[in-house]
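S.K.: The structure under discussion is supplied below as structure tokens; questions concerning it will follow.
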Amino acid sequence: MQEQNYKNHSRYVPLYHLVTYGGGAALLGLSIYKLYRNYEMGVGGLFVPLLLIIASATLILTIWYTRYFALKAQDRAIRAEENLRYFAITGKLLDSKLSMRQIVALRFAPNNEFVDLAHKAVQENMSSSQIKKAIVHWKGDHDRV
């Protein structure tokens, strides 16, 4: 497996990101076009195109929420893991001022950089991107989907 770093850590799955979202968008677009054409020409009914619009909108929402719910569950797990890691190193819990995005970014820091970077993130209100760029020795996370 390729070593992970700031430039290649995000996950892109073409079958998921292109096919599902692209297919849903195409279905919605064609359904709207069919509704418009049927209405304009006064032929065919409006029921089937409206039904397709509802079905494609439902499909798009299902695809989006499937991803959203999985990421939220992973965020909760990451918050617990990083809080435990910080506690094991320092005997204290992570600063409550850290945002979820900051905590998710800190998971890439090895233990010897983690505590200082967590303090710096709070003091300087660093963005997740700034935190990731500040990591010297990247610790890969190959489990996040």
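Every chain in the structure tokens takes a letter, A first, then B, and so on in the order presented; its residues are numbered from 1, and the ligands are numbered from 1 following the presented order.
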Name all residues at most 12 Å from Ser10 (chain A) (count only C-alpha atoms; drop same-chain ones fewer than 3 positions away) and give them as a list in words.
M.R.: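 Counting only C-alpha atoms, the residues come to Gln4, Asn5, Tyr6, Lys7, Val13, Ala105, Phe108, Ser129, Lys132, Gly140, Asp141, His142, Asp143, Arg144 and Val145 of chain A.
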S.K.: Could you pull the residues within 10 Å of Arg107 (chain A), counting only C-alpha atoms, minus those fewer than 4 positions along the same chain, as a list in words?
M.R.: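 Listed by chain and then number, they are Ile78, Arg79, Glu81, Glu82, Arg85, Gln102, Ile103, Asn111, Phe114, Lys132, Trp138, Lys139, Gly140 and Asp141 of chain A.
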S.K.: Go ahead and save the picked residues with N, CA and C atoms, as an mmCIF file, in the first residue's frame.
M.R.:
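Okay, this is what ended up in selection-v7.cif:
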data_model
loop_
_atom_site.group_PDB
_atom_site.id
_atom_site.type_symbol
_atom_site.label_atom_id
_atom_site.label_comp_id
_atom_site.auth_asym_id
_atom_site.auth_seq_id
_atom_site.Cartn_x
_atom_site.Cartn_y
_atom_site.Cartn_z
ATOM 1 N N ILE A 78 -13.381 8.517 15.778
ATOM 2 C CA ILE A 78 -12.097 9.225 15.760
ATOM 3 C C ILE A 78 -11.971 10.132 16.980
ATOM 4 N N ARG A 79 -13.062 10.839 17.338
ATOM 5 C CA ARG A 79 -13.015 11.698 18.531
ATOM 6 C C ARG A 79 -12.668 10.868 19.763
ATOM 7 N N GLU A 81 -11.128 7.891 19.867
ATOM 8 C CA GLU A 81 -9.761 7.357 19.737
ATOM 9 C C GLU A 81 -8.716 8.428 20.054
ATOM 10 N N GLU A 82 -8.902 9.614 19.507
ATOM 11 C CA GLU A 82 -7.909 10.673 19.720
ATOM 12 C C GLU A 82 -7.954 11.189 21.151
ATOM 13 N N ARG A 85 -6.069 8.581 23.054
ATOM 14 C CA ARG A 85 -4.632 8.698 22.769
ATOM 15 C C ARG A 85 -4.043 9.875 23.527
ATOM 16 N N GLN A 102 -10.684 19.587 13.320
ATOM 17 C CA GLN A 102 -9.324 19.640 13.841
ATOM 18 C C GLN A 102 -8.917 18.287 14.419
ATOM 19 N N ILE A 103 -9.818 17.655 15.148
ATOM 20 C CA ILE A 103 -9.523 16.344 15.736
ATOM 21 C C ILE A 103 -9.294 15.309 14.637
ATOM 22 N N ASN A 111 2.456 10.149 17.731
ATOM 23 C CA ASN A 111 2.393 10.514 19.155
ATOM 24 C C ASN A 111 3.374 11.611 19.544
ATOM 25 N N PHE A 114 1.774 14.833 18.284
ATOM 26 C CA PHE A 114 0.347 14.975 18.534
ATOM 27 C C PHE A 114 0.007 16.033 19.581
ATOM 28 N N LYS A 132 -2.805 19.403 9.044
ATOM 29 C CA LYS A 132 -2.230 18.327 8.234
ATOM 30 C C LYS A 132 -0.903 18.748 7.619
ATOM 31 N N TRP A 138 4.022 11.824 8.814
ATOM 32 C CA TRP A 138 2.621 11.470 8.605
ATOM 33 C C TRP A 138 2.325 10.048 9.072
ATOM 34 N N LYS A 139 1.227 9.890 9.830
ATOM 35 C CA LYS A 139 0.746 8.578 10.282
ATOM 36 C C LYS A 139 -0.513 8.283 9.468
ATOM 37 N N GLY A 140 -0.441 7.343 8.563
ATOM 38 C CA GLY A 140 -1.548 7.048 7.662
ATOM 39 C C GLY A 140 -2.786 6.509 8.351
ATOM 40 N N ASP A 141 -3.934 6.796 7.784
ATOM 41 C CA ASP A 141 -5.210 6.234 8.239
ATOM 42 C C ASP A 141 -5.853 5.605 7.009
#
S.K.: Would you mind reading off the distance between CA of His119 (chain A) and CA of Arg76 (chain A), one decimal, in Å?
M.R.: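 That distance, rounded to one decimal, is 20.7 Å.
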S.K.: List the neighbours of Asp116 (chain A) out to 12 Å using only C-alpha atoms; skip same-chain residues closer than 5 positions along the sequence, and give me the result as a ChimeraX atom specification.
M.R.: /A:86,89-90,94,106,109-111,121-124,131,134-135
S.K.: With only C-alpha atoms as the atoms that count, which of A:Leu117, A:Leu27, A:Leu84, A:Ala77 lies nearest to Pro49 (chain A)?
M.R.: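 Ranking A:Leu117, A:Leu27, A:Leu84, A:Ala77 by distance to Pro49 (chain A), first place goes to A:Leu27.
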S.K.: As an NGL selection string, please: every residue in region 95-133 of chain A that a backbone DSSP assignment puts in helix (DSSP H, G or I).
M.R.: :A and (100-106 or 111-124 or 128-133)
S.K.: For the selection just defined, write its residues with C-alpha atoms to a file, as a PDB file, in the first residue's frame.
M.R.:
ATOM      1  CA  MET A 100     -14.306  17.886  15.004  1.00  0.00           C
ATOM      2  CA  ARG A 101     -12.437  18.824  11.811  1.00  0.00           C
ATOM      3  CA  GLN A 102      -9.324  19.640  13.841  1.00  0.00           C
ATOM      4  CA  ILE A 103      -9.523  16.344  15.736  1.00  0.00           C
ATOM      5  CA  VAL A 104      -9.952  14.416  12.492  1.00  0.00           C
ATOM      6  CA  ALA A 105      -6.857  16.164  11.105  1.00  0.00           C
ATOM      7  CA  LEU A 106      -4.845  15.412  14.262  1.00  0.00           C
ATOM      8  CA  ASN A 111       2.393  10.514  19.155  1.00  0.00           C
ATOM      9  CA  ASN A 112       5.580  12.591  19.377  1.00  0.00           C
ATOM     10  CA  GLU A 113       3.939  15.455  17.396  1.00  0.00           C
ATOM     11  CA  PHE A 114       0.347  14.975  18.534  1.00  0.00           C
ATOM     12  CA  VAL A 115       0.264  16.837  21.871  1.00  0.00           C
ATOM     13  CA  ASP A 116       2.190  19.908  20.701  1.00  0.00           C
ATOM     14  CA  LEU A 117       0.145  20.097  17.519  1.00  0.00           C
ATOM     15  CA  ALA A 118      -3.122  19.807  19.474  1.00  0.00           C
ATOM     16  CA  HIS A 119      -2.058  22.734  21.702  1.00  0.00           C
ATOM     17  CA  LYS A 120      -0.961  24.761  18.689  1.00  0.00           C
ATOM     18  CA  ALA A 121      -4.259  24.019  16.904  1.00  0.00           C
ATOM     19  CA  VAL A 122      -6.207  25.482  19.837  1.00  0.00           C
ATOM     20  CA  GLN A 123      -3.925  28.501  20.368  1.00  0.00           C
ATOM     21  CA  GLU A 124      -3.733  29.480  16.700  1.00  0.00           C
ATOM     22  CA  SER A 128      -7.701  21.060   9.402  1.00  0.00           C
ATOM     23  CA  SER A 129      -5.600  21.715   6.304  1.00  0.00           C
ATOM     24  CA  GLN A 130      -3.059  23.738   8.311  1.00  0.00           C
ATOM     25  CA  ILE A 131      -2.843  20.961  10.906  1.00  0.00           C
ATOM     26  CA  LYS A 132      -2.230  18.327   8.234  1.00  0.00           C
ATOM     27  CA  LYS A 133       0.442  20.464   6.569  1.00  0.00           C
TER      28      LYS A 133
END
